[in-house]
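Peer 1: Contents of entry_20.pdb (PDB, C-alpha atoms) are given next:
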```
ATOM      1  CA  MET Q   4      85.178  86.830 160.432
ATOM      2  CA  ILE Q   5      88.861  87.638 160.812
ATOM      3  CA  PHE Q   6      90.441  84.601 162.481
ATOM      4  CA  LEU Q   7      93.145  85.382 165.043
ATOM      5  CA  LYS Q   8      92.236  82.852 167.735
ATOM      6  CA  ASN Q   9      94.995  80.260 167.298
ATOM      7  CA  ASP Q  10      97.564  78.864 164.857
ATOM      8  CA  TYR Q  11      96.151  75.387 164.242
ATOM      9  CA  SER Q  12      92.649  75.832 162.822
ATOM     10  CA  VAL Q  13      93.422  75.460 159.119
ATOM     11  CA  GLY Q  14      94.360  72.189 157.462
ATOM     12  CA  ALA Q  15      97.935  71.683 156.301
ATOM     13  CA  HIS Q  16     100.501  73.387 154.115
ATOM     14  CA  PRO Q  17     100.144  72.385 150.420
ATOM     15  CA  ASP Q  18     103.504  70.555 150.467
ATOM     16  CA  VAL Q  19     102.234  68.420 153.340
ATOM     17  CA  MET Q  20      98.929  67.730 151.622
ATOM     18  CA  LYS Q  21     100.774  66.764 148.449
ATOM     19  CA  VAL Q  22     102.905  64.109 150.119
ATOM     20  CA  LEU Q  23      99.839  62.711 151.882
ATOM     21  CA  ASN Q  24      97.869  62.618 148.648
ATOM     22  CA  ASP Q  25     100.753  61.082 146.692
ATOM     23  CA  ASN Q  26     100.985  58.246 149.229
ATOM     24  CA  ASN Q  27      97.301  57.920 150.022
ATOM     25  CA  LEU Q  28      96.819  54.507 148.418
ATOM     26  CA  VAL Q  29     100.245  53.112 149.264
ATOM     27  CA  TYR Q  30     100.321  50.415 151.953
ATOM     28  CA  ASN Q  31     102.626  51.067 154.906
ATOM     29  CA  ASP Q  32     103.582  49.025 157.937
ATOM     30  CA  SER Q  33     102.062  50.131 161.255
ATOM     31  CA  TYR Q  34     103.176  51.789 164.496
ATOM     32  CA  GLY Q  35     106.248  53.461 163.031
ATOM     33  CA  ASP Q  36     107.745  50.347 161.444
ATOM     34  CA  ASP Q  37     107.526  51.855 157.959
ATOM     35  CA  VAL Q  38     109.942  53.386 155.467
ATOM     36  CA  HIS Q  39     108.632  56.940 155.965
ATOM     37  CA  SER Q  40     109.150  56.821 159.734
ATOM     38  CA  ALA Q  41     112.624  55.354 159.341
ATOM     39  CA  ARG Q  42     113.576  58.005 156.787
ATOM     40  CA  VAL Q  43     112.356  60.929 158.909
ATOM     41  CA  GLN Q  44     113.902  59.531 162.085
ATOM     42  CA  GLU Q  45     117.261  59.451 160.324
ATOM     43  CA  GLN Q  46     116.645  62.944 158.951
ATOM     44  CA  VAL Q  47     116.046  64.238 162.480
ATOM     45  CA  ARG Q  48     119.173  62.516 163.787
ATOM     46  CA  GLU Q  49     121.198  64.240 161.090
ATOM     47  CA  MET Q  50     119.582  67.649 161.702
ATOM     48  CA  THR Q  51     120.145  67.454 165.441
ATOM     49  CA  LYS Q  52     123.626  65.887 165.146
ATOM     50  CA  GLN Q  53     122.396  63.191 167.527
ATOM     51  CA  PRO Q  54     122.966  59.863 165.727
ATOM     52  CA  GLU Q  55     121.680  57.870 168.720
ATOM     53  CA  ALA Q  56     118.542  59.946 169.362
ATOM     54  CA  ASP Q  57     115.226  58.160 169.725
ATOM     55  CA  VAL Q  58     112.464  59.723 167.606
ATOM     56  CA  HIS Q  59     108.757  59.022 168.147
ATOM     57  CA  PHE Q  60     105.534  60.240 166.512
ATOM     58  CA  ILE Q  61     102.520  61.296 168.635
ATOM     59  CA  VAL Q  62      99.258  62.919 167.543
ATOM     60  CA  GLY Q  63      99.011  65.992 169.805
ATOM     61  CA  GLY Q  64     100.833  68.137 172.325
ATOM     62  CA  THR Q  65      98.941  67.276 175.507
ATOM     63  CA  LEU Q  66      99.333  63.557 174.842
ATOM     64  CA  THR Q  67     103.007  64.119 174.073
ATOM     65  CA  ASN Q  68     103.630  65.953 177.339
ATOM     66  CA  ARG Q  69     101.694  63.433 179.408
ATOM     67  CA  THR Q  70     103.438  60.465 177.794
ATOM     68  CA  CYS Q  71     106.943  61.935 178.075
ATOM     69  CA  LEU Q  72     106.597  63.061 181.668
ATOM     70  CA  ALA Q  73     104.944  59.794 182.718
ATOM     71  CA  ALA Q  74     107.846  57.899 181.156
ATOM     72  CA  PHE Q  75     110.609  60.068 182.586
ATOM     73  CA  LEU Q  76     109.402  60.317 186.213
ATOM     74  CA  ARG Q  77     109.172  58.018 189.231
ATOM     75  CA  PRO Q  78     105.917  58.171 191.272
ATOM     76  CA  TYR Q  79     107.426  60.586 193.823
ATOM     77  CA  ASP Q  80     108.934  62.932 191.202
ATOM     78  CA  ALA Q  81     107.524  66.365 190.336
ATOM     79  CA  VAL Q  82     107.659  68.700 187.344
ATOM     80  CA  VAL Q  83     108.818  72.308 187.655
ATOM     81  CA  THR Q  84     106.973  74.676 185.313
ATOM     82  CA  THR Q  85     105.963  78.308 185.078
ATOM     83  CA  THR Q  86     102.461  79.414 186.027
ATOM     84  CA  GLU Q  87     101.792  80.018 182.305
ATOM     85  CA  GLY Q  88     103.133  76.611 181.250
ATOM     86  CA  HIS Q  89     100.826  74.647 178.991
ATOM     87  CA  ILE Q  90     100.843  71.681 181.374
ATOM     88  CA  ALA Q  91      99.855  74.009 184.230
ATOM     89  CA  VAL Q  92      96.963  75.774 182.505
ATOM     90  CA  HIS Q  93      95.620  74.107 179.375
ATOM     91  CA  GLU Q  94      95.944  70.345 179.833
ATOM     92  CA  THR Q  95      93.132  69.711 182.335
ATOM     93  CA  GLY Q  96      95.431  68.202 184.934
ATOM     94  CA  ALA Q  97      96.831  65.580 182.548
ATOM     95  CA  ILE Q  98     100.172  65.457 184.337
ATOM     96  CA  GLU Q  99      98.572  65.342 187.774
ATOM     97  CA  ALA Q 100      96.293  62.565 186.518
ATOM     98  CA  ALA Q 101      99.440  60.610 185.690
ATOM     99  CA  GLY Q 102     100.408  60.974 189.354
ATOM    100  CA  HIS Q 103     102.901  63.828 189.318
ATOM    101  CA  ARG Q 104     102.732  67.137 191.120
ATOM    102  CA  LEU Q 105     103.457  70.399 189.321
ATOM    103  CA  VAL Q 106     105.627  72.982 191.067
ATOM    104  CA  GLU Q 107     104.696  76.319 189.482
ATOM    105  CA  LEU Q 108     107.000  79.335 189.256
ATOM    106  CA  THR Q 109     105.917  82.921 188.648
ATOM    107  CA  THR Q 110     107.796  84.810 185.936
ATOM    108  CA  PRO Q 111     107.202  88.165 184.210
ATOM    109  CA  ASP Q 112     107.547  86.800 180.683
ATOM    110  CA  GLY Q 113     106.841  83.060 180.776
ATOM    111  CA  LYS Q 114     110.544  82.152 180.830
ATOM    112  CA  MET Q 115     111.988  80.096 183.674
ATOM    113  CA  ARG Q 116     115.118  81.360 185.482
ATOM    114  CA  PRO Q 117     117.988  79.132 186.680
ATOM    115  CA  GLU Q 118     117.894  80.606 190.177
ATOM    116  CA  GLN Q 119     114.277  79.479 190.456
ATOM    117  CA  ILE Q 120     115.352  75.893 189.798
ATOM    118  CA  ASP Q 121     117.977  76.203 192.534
ATOM    119  CA  GLN Q 122     115.411  77.590 194.966
ATOM    120  CA  VAL Q 123     112.866  74.845 194.262
ATOM    121  CA  ALA Q 124     115.483  72.124 194.650
ATOM    122  CA  ALA Q 125     116.748  73.607 197.926
ATOM    123  CA  TYR Q 126     113.236  73.855 199.357
ATOM    124  CA  HIS Q 127     112.321  70.228 198.571
ATOM    125  CA  ASN Q 128     114.950  68.771 200.902
ATOM    126  CA  MET Q 129     113.369  65.814 202.712
ATOM    127  CA  ASP Q 130     111.702  62.485 202.015
ATOM    128  CA  GLN Q 131     108.327  63.888 203.048
ATOM    129  CA  MET Q 132     108.278  66.021 199.905
ATOM    130  CA  VAL Q 133     108.234  65.334 196.184
ATOM    131  CA  ILE Q 134     111.524  65.473 194.291
ATOM    132  CA  PRO Q 135     111.670  68.155 191.563
ATOM    133  CA  LYS Q 136     113.029  66.032 188.710
ATOM    134  CA  ILE Q 137     112.137  67.748 185.426
ATOM    135  CA  ALA Q 138     112.196  71.397 184.406
ATOM    136  CA  TYR Q 139     109.468  71.833 181.786
ATOM    137  CA  ILE Q 140     109.770  74.821 179.444
ATOM    138  CA  SER Q 141     108.235  75.857 176.115
ATOM    139  CA  ASP Q 142     109.862  77.617 173.181
ATOM    140  CA  THR Q 143     108.136  79.791 172.228
ATOM    141  CA  THR Q 144     106.536  80.244 175.638
ATOM    142  CA  GLU Q 145     102.810  80.567 176.165
ATOM    143  CA  LEU Q 146     103.361  84.339 176.192
ATOM    144  CA  GLY Q 147     105.086  84.246 172.816
ATOM    145  CA  THR Q 148     108.560  84.907 174.216
ATOM    146  CA  VAL Q 149     111.689  83.211 172.883
ATOM    147  CA  TYR Q 150     114.611  81.620 174.735
ATOM    148  CA  THR Q 151     118.190  82.487 173.768
ATOM    149  CA  GLU Q 152     120.980  79.926 173.758
ATOM    150  CA  ALA Q 153     122.557  81.534 176.836
ATOM    151  CA  GLU Q 154     119.264  81.277 178.723
ATOM    152  CA  LEU Q 155     118.815  77.623 177.772
ATOM    153  CA  ILE Q 156     122.400  76.759 178.751
ATOM    154  CA  ALA Q 157     121.900  78.470 182.124
ATOM    155  CA  LEU Q 158     118.802  76.307 182.713
ATOM    156  CA  ARG Q 159     120.772  73.221 181.695
ATOM    157  CA  GLU Q 160     123.479  74.052 184.219
ATOM    158  CA  ALA Q 161     120.888  74.598 186.960
ATOM    159  CA  CYS Q 162     119.299  71.239 186.153
ATOM    160  CA  ASP Q 163     122.692  69.545 186.306
ATOM    161  CA  ARG Q 164     123.420  71.135 189.691
ATOM    162  CA  ASN Q 165     120.170  69.741 191.041
ATOM    163  CA  ASP Q 166     120.009  66.321 189.352
ATOM    164  CA  MET Q 167     117.109  67.309 187.123
ATOM    165  CA  TYR Q 168     116.198  66.723 183.494
ATOM    166  CA  LEU Q 169     115.432  69.544 181.058
ATOM    167  CA  TYR Q 170     112.430  68.942 178.776
ATOM    168  CA  LEU Q 171     111.326  71.401 176.091
ATOM    169  CA  ASP Q 172     107.776  71.593 174.734
ATOM    170  CA  GLY Q 173     108.221  72.517 171.088
ATOM    171  CA  ALA Q 174     104.599  72.970 170.067
ATOM    172  CA  ARG Q 175     105.668  76.298 168.528
ATOM    173  CA  LEU Q 176     109.309  75.413 167.902
ATOM    174  CA  GLY Q 177     108.975  76.550 164.304
ATOM    175  CA  MET Q 178     108.136  80.047 165.514
ATOM    176  CA  ALA Q 179     111.040  79.979 167.984
ATOM    177  CA  LEU Q 180     113.518  78.897 165.307
ATOM    178  CA  GLY Q 181     112.070  81.462 162.897
ATOM    179  CA  SER Q 182     112.309  84.342 165.359
ATOM    180  CA  ASP Q 183     114.744  87.214 164.820
ATOM    181  CA  LEU Q 184     115.619  86.848 168.519
ATOM    182  CA  ASN Q 185     116.575  83.193 168.168
ATOM    183  CA  ASP Q 186     120.257  82.253 168.090
ATOM    184  CA  MET Q 187     119.869  78.460 168.253
ATOM    185  CA  THR Q 188     119.603  75.637 165.757
ATOM    186  CA  MET Q 189     117.701  72.391 166.221
ATOM    187  CA  ALA Q 190     121.075  70.792 166.951
ATOM    188  CA  ASP Q 191     121.751  73.282 169.756
ATOM    189  CA  ILE Q 192     118.417  72.492 171.390
ATOM    190  CA  ALA Q 193     119.050  68.762 171.099
ATOM    191  CA  GLU Q 194     122.478  69.166 172.674
ATOM    192  CA  ILE Q 195     121.257  71.252 175.625
ATOM    193  CA  THR Q 196     118.031  69.418 176.536
ATOM    194  CA  ASP Q 197     117.420  65.812 177.577
ATOM    195  CA  ALA Q 198     114.314  65.559 175.415
ATOM    196  CA  PHE Q 199     112.139  67.887 173.354
ATOM    197  CA  TYR Q 200     109.483  67.699 170.721
ATOM    198  CA  ILE Q 201     109.067  69.262 167.317
ATOM    199  CA  GLY Q 202     105.529  70.590 166.937
ATOM    200  CA  GLY Q 203     103.598  69.995 163.742
ATOM    201  CA  ASN Q 204      99.998  70.857 164.656
ATOM    202  CA  LYS Q 205     100.775  74.576 164.957
ATOM    203  CA  CYS Q 206     103.279  74.813 162.128
ATOM    204  CA  GLY Q 207     101.884  73.412 158.912
ATOM    205  CA  ALA Q 208     100.986  69.794 159.640
ATOM    206  CA  LEU Q 209      97.517  68.316 159.479
ATOM    207  CA  LEU Q 210      98.328  66.833 162.897
ATOM    208  CA  GLY Q 211     101.261  65.371 164.764
ATOM    209  CA  GLU Q 212     104.245  66.045 167.009
ATOM    210  CA  MET Q 213     107.680  64.412 166.977
ATOM    211  CA  VAL Q 214     109.506  63.530 170.218
ATOM    212  CA  VAL Q 215     113.318  63.572 170.237
ATOM    213  CA  ILE Q 216     115.007  61.877 173.223
ATOM    214  CA  THR Q 217     118.768  62.361 173.515
ATOM    215  CA  ASN Q 218     119.398  61.258 177.112
ATOM    216  CA  ASP Q 219     119.955  57.485 177.196
ATOM    217  CA  GLU Q 220     118.419  57.280 180.678
ATOM    218  CA  LEU Q 221     115.046  58.327 179.264
ATOM    219  CA  LYS Q 222     114.880  56.058 176.208
ATOM    220  CA  LYS Q 223     114.249  52.664 177.777
ATOM    221  CA  ASN Q 224     110.794  51.166 177.135
ATOM    222  CA  PHE Q 225     109.385  54.469 175.905
ATOM    223  CA  ARG Q 226     107.128  52.724 173.388
ATOM    224  CA  TYR Q 227     105.542  50.767 176.252
ATOM    225  CA  ILE Q 228     104.427  53.967 177.973
ATOM    226  CA  MET Q 229     103.291  55.309 174.602
ATOM    227  CA  ARG Q 230     101.023  52.305 174.159
ATOM    228  CA  GLN Q 231      99.713  52.483 177.713
ATOM    229  CA  ASN Q 232      98.783  56.152 177.238
ATOM    230  CA  GLY Q 233      97.152  55.634 173.845
ATOM    231  CA  ALA Q 234      99.986  57.484 172.107
ATOM    232  CA  LEU Q 235     101.361  54.682 169.916
ATOM    233  CA  VAL Q 236      99.829  55.606 166.556
ATOM    234  CA  ALA Q 237      98.863  52.836 164.137
ATOM    235  CA  LYS Q 238      99.168  55.263 161.207
ATOM    236  CA  ALA Q 239     102.470  56.768 162.347
ATOM    237  CA  SER Q 240     103.572  56.768 158.708
ATOM    238  CA  LEU Q 241     101.107  59.597 158.010
ATOM    239  CA  ILE Q 242     102.696  61.777 160.685
ATOM    240  CA  ALA Q 243     106.170  60.904 159.443
ATOM    241  CA  MET Q 244     105.286  61.854 155.859
ATOM    242  CA  GLN Q 245     104.188  65.290 157.004
ATOM    243  CA  PHE Q 246     107.399  65.929 158.931
ATOM    244  CA  GLY Q 247     109.378  64.715 155.949
ATOM    245  CA  ALA Q 248     107.856  67.577 153.970
ATOM    246  CA  LEU Q 249     108.113  70.153 156.763
ATOM    247  CA  LEU Q 250     111.768  69.460 157.480
ATOM    248  CA  SER Q 251     112.833  69.666 153.840
ATOM    249  CA  ASP Q 252     114.282  72.812 152.236
ATOM    250  CA  GLY Q 253     113.842  74.907 155.387
ATOM    251  CA  LEU Q 254     110.042  74.856 155.153
ATOM    252  CA  TYR Q 255     109.493  74.413 158.901
ATOM    253  CA  GLU Q 256     111.508  77.488 159.899
ATOM    254  CA  ASN Q 257     110.089  79.482 156.981
ATOM    255  CA  LEU Q 258     106.531  78.801 158.111
ATOM    256  CA  GLY Q 259     107.444  79.830 161.654
ATOM    257  CA  ARG Q 260     109.097  82.976 160.298
ATOM    258  CA  HIS Q 261     105.944  83.881 158.366
ATOM    259  CA  CYS Q 262     103.835  83.380 161.516
ATOM    260  CA  ASN Q 263     106.101  85.794 163.363
ATOM    261  CA  GLU Q 264     106.189  88.381 160.577
ATOM    262  CA  MET Q 265     102.399  88.527 160.552
ATOM    263  CA  GLY Q 266     102.243  88.697 164.353
ATOM    264  CA  LEU Q 267     104.813  91.471 164.634
ATOM    265  CA  LYS Q 268     103.192  93.434 161.813
ATOM    266  CA  LEU Q 269      99.913  93.179 163.700
ATOM    267  CA  ALA Q 270     101.593  94.285 166.938
ATOM    268  CA  GLU Q 271     103.299  97.274 165.305
ATOM    269  CA  GLY Q 272     100.020  98.402 163.789
ATOM    270  CA  ILE Q 273      98.165  98.115 167.083
ATOM    271  CA  VAL Q 274     100.852 100.034 169.000
ATOM    272  CA  ALA Q 275     100.876 102.713 166.281
ATOM    273  CA  LYS Q 276      97.202 103.274 167.018
ATOM    274  CA  GLY Q 277      97.995 104.072 170.658
ATOM    275  CA  TYR Q 278      97.330 100.734 172.348
ATOM    276  CA  GLU Q 279      99.683  99.060 174.828
ATOM    277  CA  MET Q 280     100.924  95.484 174.982
ATOM    278  CA  ALA Q 281     100.797  93.358 178.145
ATOM    279  CA  TYR Q 282     103.901  91.434 177.060
ATOM    280  CA  ARG Q 283     106.694  92.223 174.647
ATOM    281  CA  PRO Q 284     105.786  90.940 171.152
ATOM    282  CA  GLU Q 285     108.416  88.445 170.010
ATOM    283  CA  SER Q 286     106.609  85.938 167.811
ATOM    284  CA  ASN Q 287     103.161  85.122 166.437
ATOM    285  CA  MET Q 288     101.248  85.526 169.712
ATOM    286  CA  ILE Q 289     100.626  89.074 170.851
ATOM    287  CA  PHE Q 290      98.730  90.413 173.848
ATOM    288  CA  PRO Q 291      97.251  93.893 173.370
ATOM    289  CA  ILE Q 292      95.276  95.671 176.078
ATOM    290  CA  PHE Q 293      91.778  96.777 175.028
ATOM    291  CA  SER Q 294      88.925  98.361 176.936
ATOM    292  CA  LYS Q 295      85.849  96.266 177.651
ATOM    293  CA  GLU Q 296      83.961  98.262 175.034
ATOM    294  CA  LYS Q 297      86.623  97.802 172.363
ATOM    295  CA  THR Q 298      86.827  94.085 173.109
ATOM    296  CA  ALA Q 299      83.076  93.728 172.651
ATOM    297  CA  GLU Q 300      83.184  95.643 169.375
ATOM    298  CA  LEU Q 301      85.986  93.520 167.968
ATOM    299  CA  GLU Q 302      84.308  90.260 168.970
ATOM    300  CA  LYS Q 303      81.563  90.982 166.438
ATOM    301  CA  GLU Q 304      83.989  90.582 163.522
ATOM    302  CA  VAL Q 305      87.116  88.912 164.895
ATOM    303  CA  MET Q 306      87.716  85.528 166.526
ATOM    304  CA  PHE Q 307      90.289  85.798 169.342
ATOM    305  CA  GLN Q 308      90.784  84.814 172.963
ATOM    306  CA  ILE Q 309      90.410  86.961 176.057
ATOM    307  CA  TRP Q 310      93.593  86.083 177.987
ATOM    308  CA  GLU Q 311      93.110  88.155 181.152
ATOM    309  CA  GLU Q 312      90.009  89.961 182.428
ATOM    310  CA  HIS Q 313      90.455  93.072 184.572
ATOM    311  CA  PRO Q 314      87.817  95.455 185.992
ATOM    312  CA  ASP Q 315      88.265  98.096 183.291
ATOM    313  CA  HIS Q 316      90.128  96.315 180.484
ATOM    314  CA  ASN Q 317      91.058  92.983 178.923
ATOM    315  CA  VAL Q 318      94.324  91.509 177.786
ATOM    316  CA  VAL Q 319      93.466  89.658 174.581
ATOM    317  CA  ARG Q 320      95.531  87.101 172.707
ATOM    318  CA  LEU Q 321      95.836  87.481 168.960
ATOM    319  CA  VAL Q 322      97.554  84.636 167.096
ATOM    320  CA  THR Q 323      98.736  84.564 163.499
ATOM    321  CA  SER Q 324      99.439  81.341 161.618
ATOM    322  CA  TRP Q 325     101.446  80.098 158.649
ATOM    323  CA  ALA Q 326      98.301  80.710 156.592
ATOM    324  CA  THR Q 327      97.636  84.293 157.775
ATOM    325  CA  LYS Q 328      97.700  86.792 154.906
ATOM    326  CA  ASP Q 329      98.769  90.426 154.849
ATOM    327  CA  GLU Q 330      95.262  91.482 153.923
ATOM    328  CA  GLU Q 331      93.862  89.825 157.073
ATOM    329  CA  VAL Q 332      96.268  91.811 159.244
ATOM    330  CA  GLU Q 333      95.376  94.995 157.358
ATOM    331  CA  ALA Q 334      91.664  94.243 157.747
ATOM    332  CA  PHE Q 335      92.044  93.924 161.522
ATOM    333  CA  LEU Q 336      93.999  97.172 161.781
ATOM    334  CA  GLU Q 337      91.421  98.973 159.666
ATOM    335  CA  LEU Q 338      88.632  97.584 161.846
ATOM    336  CA  LEU Q 339      90.499  98.656 164.994
TER     337      LEU Q 339
END
```
Taking this structure as input, can you express it in the form of structure tokens?
Peer 2:
Amino acid sequence: MIFLKNDYSVGAHPDVMKVLNDNNLVYNDSYGDDVHSARVQEQVREMTKQPEADVHFIVGGTLTNRTCLAAFLRPYDAVVTTTEGHIAVHETGAIEAAGHRLVELTTPDGKMRPEQIDQVAAYHNMDQMVIPKIAYISDTTELGTVYTEAELIALREACDRNDMYLYLDGARLGMALGSDLNDMTMADIAEITDAFYIGGNKCGALLGEMVVITNDELKKNFRYIMRQNGALVAKASLIAMQFGALLSDGLYENLGRHCNEMGLKLAEGIVAKGYEMAYRPESNMIFPIFSKEKTAELEKEVMFQIWEEHPDHNVVRLVTSWATKDEEVEAFLELL
């Protein structure tokens, strides 16, 4: 089978496996009180130019989002997201289960607009309604699109106008940073947002995400909410070791860049064969439109996800990873 279903179903990059193997029988303190965690936390502070940033290690993205939003919000606060946002579609109501309403916005490309934040804030104007308090975005988005610095700054300004925080889900931050359309550094993202996380699961780690909190208002007692939500990891040192490898010598961005190169090569080949795309290809997730018959044929030899079902066609999601090889892309195009 040709695997194009997601970007997290292989193990870890060899550099990550090496550091884990080299330290496998070395004792480390627990819950992030170890030398590896301290070293990587300082590394992140230097990379982001945020010497006072809080840095935390959590196992997965859904748990990271739930923990962060539960910590940052009061009971009557709500989260503003797009209809495609991961918290709105693929987290089984985790944020609602924590007691917070989602206010969903429709966009053509998965990217939130500043005027939408203004409109939501203006509409929620009385104490009989929730207060929109956090704008939740992803980079890359769930449609594979990438934010520019100007777009992120415009969202920041809208949040400031409306007394809201800006939180960025970085599950695929490596792909965003490695995109040809990207004009931001990790430091830019840290400066513009109140909190974000650096995704490892989808960019070369065995598991793990890393939360970076820059707004002092959001730092207090964060480890308490981590523990309450089951997010305080006893073996945090193992996550830290992996990020130590990923953030060295540009590996993280290089892996994201490779993901994108494979995805865009796949997209170009599909378009060259006369097929259309539902959304503009910008990273490692692409969304071609296939007939029902073609979809059924491909499913016999390719693992992928049907993203949208229509009466006479499907929009499918094809995802390349840091481990995807040229020959796998060529094999799919030949099969197509």
Peer 1: Please define a box with edges along x, y and z of the file around all atoms of range 333-338 of chain Q given in the file, extend it by 4 Å on each side, and return its centre and edge lengths in Å to one decimal, as AutoDock Vina command-line options.
Peer 2:
```
--center_x 92.0 --center_y 96.4 --center_z 159.6 --size_x 14.7 --size_y 13.0 --size_z 12.5
```
Peer 1: Kindly indicate which residue among Q:Gly272, Q:Gly202, Q:Gly211, Q:Gly88 lies nearest to Val62 in chain Q, using all atoms listed in the file for the distances.
Peer 2: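 Nearest candidate to Val62 in chain Q out of Q:Gly272, Q:Gly202, Q:Gly211, Q:Gly88: Q:Gly211.
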Peer 1: Run the PyMOL selection byres ((chain Q and resi 149) around 7) on the file and write out the hits as a PyMOL selection string.
Peer 2: chain Q and resi 142-144+147-148+150-151+179+184-185+285
Peer 1: Emit the selected residues as a compact mmCIF listing (two decimals), in the coordinates of the input, including C-alpha atoms.
Peer 2:
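Full text of part_30.txt as output:
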```txt
# COMPACT_ATOMS: atom_id res chain seq x y z
CA ASP Q 142 109.86 77.62 173.18
CA THR Q 143 108.14 79.79 172.23
CA THR Q 144 106.54 80.24 175.64
CA GLY Q 147 105.09 84.25 172.82
CA THR Q 148 108.56 84.91 174.22
CA TYR Q 150 114.61 81.62 174.74
CA THR Q 151 118.19 82.49 173.77
CA ALA Q 179 111.04 79.98 167.98
CA LEU Q 184 115.62 86.85 168.52
CA ASN Q 185 116.58 83.19 168.17
CA GLU Q 285 108.42 88.44 170.01
```
Peer 1: Please write the residues picked by the PyMOL selection byres ((chain Q and resi 109) around 6) on this file as a ChimeraX atom specification.
Peer 2: /Q:85-86,108,110
Peer 1: Of the candidates Q:Lys297, Q:Arg116, Q:Lys223, Q:Arg260, which one gets nearest to Tyr278 in chain Q if we count all atoms listed in the file?
Peer 2: Q:Lys297
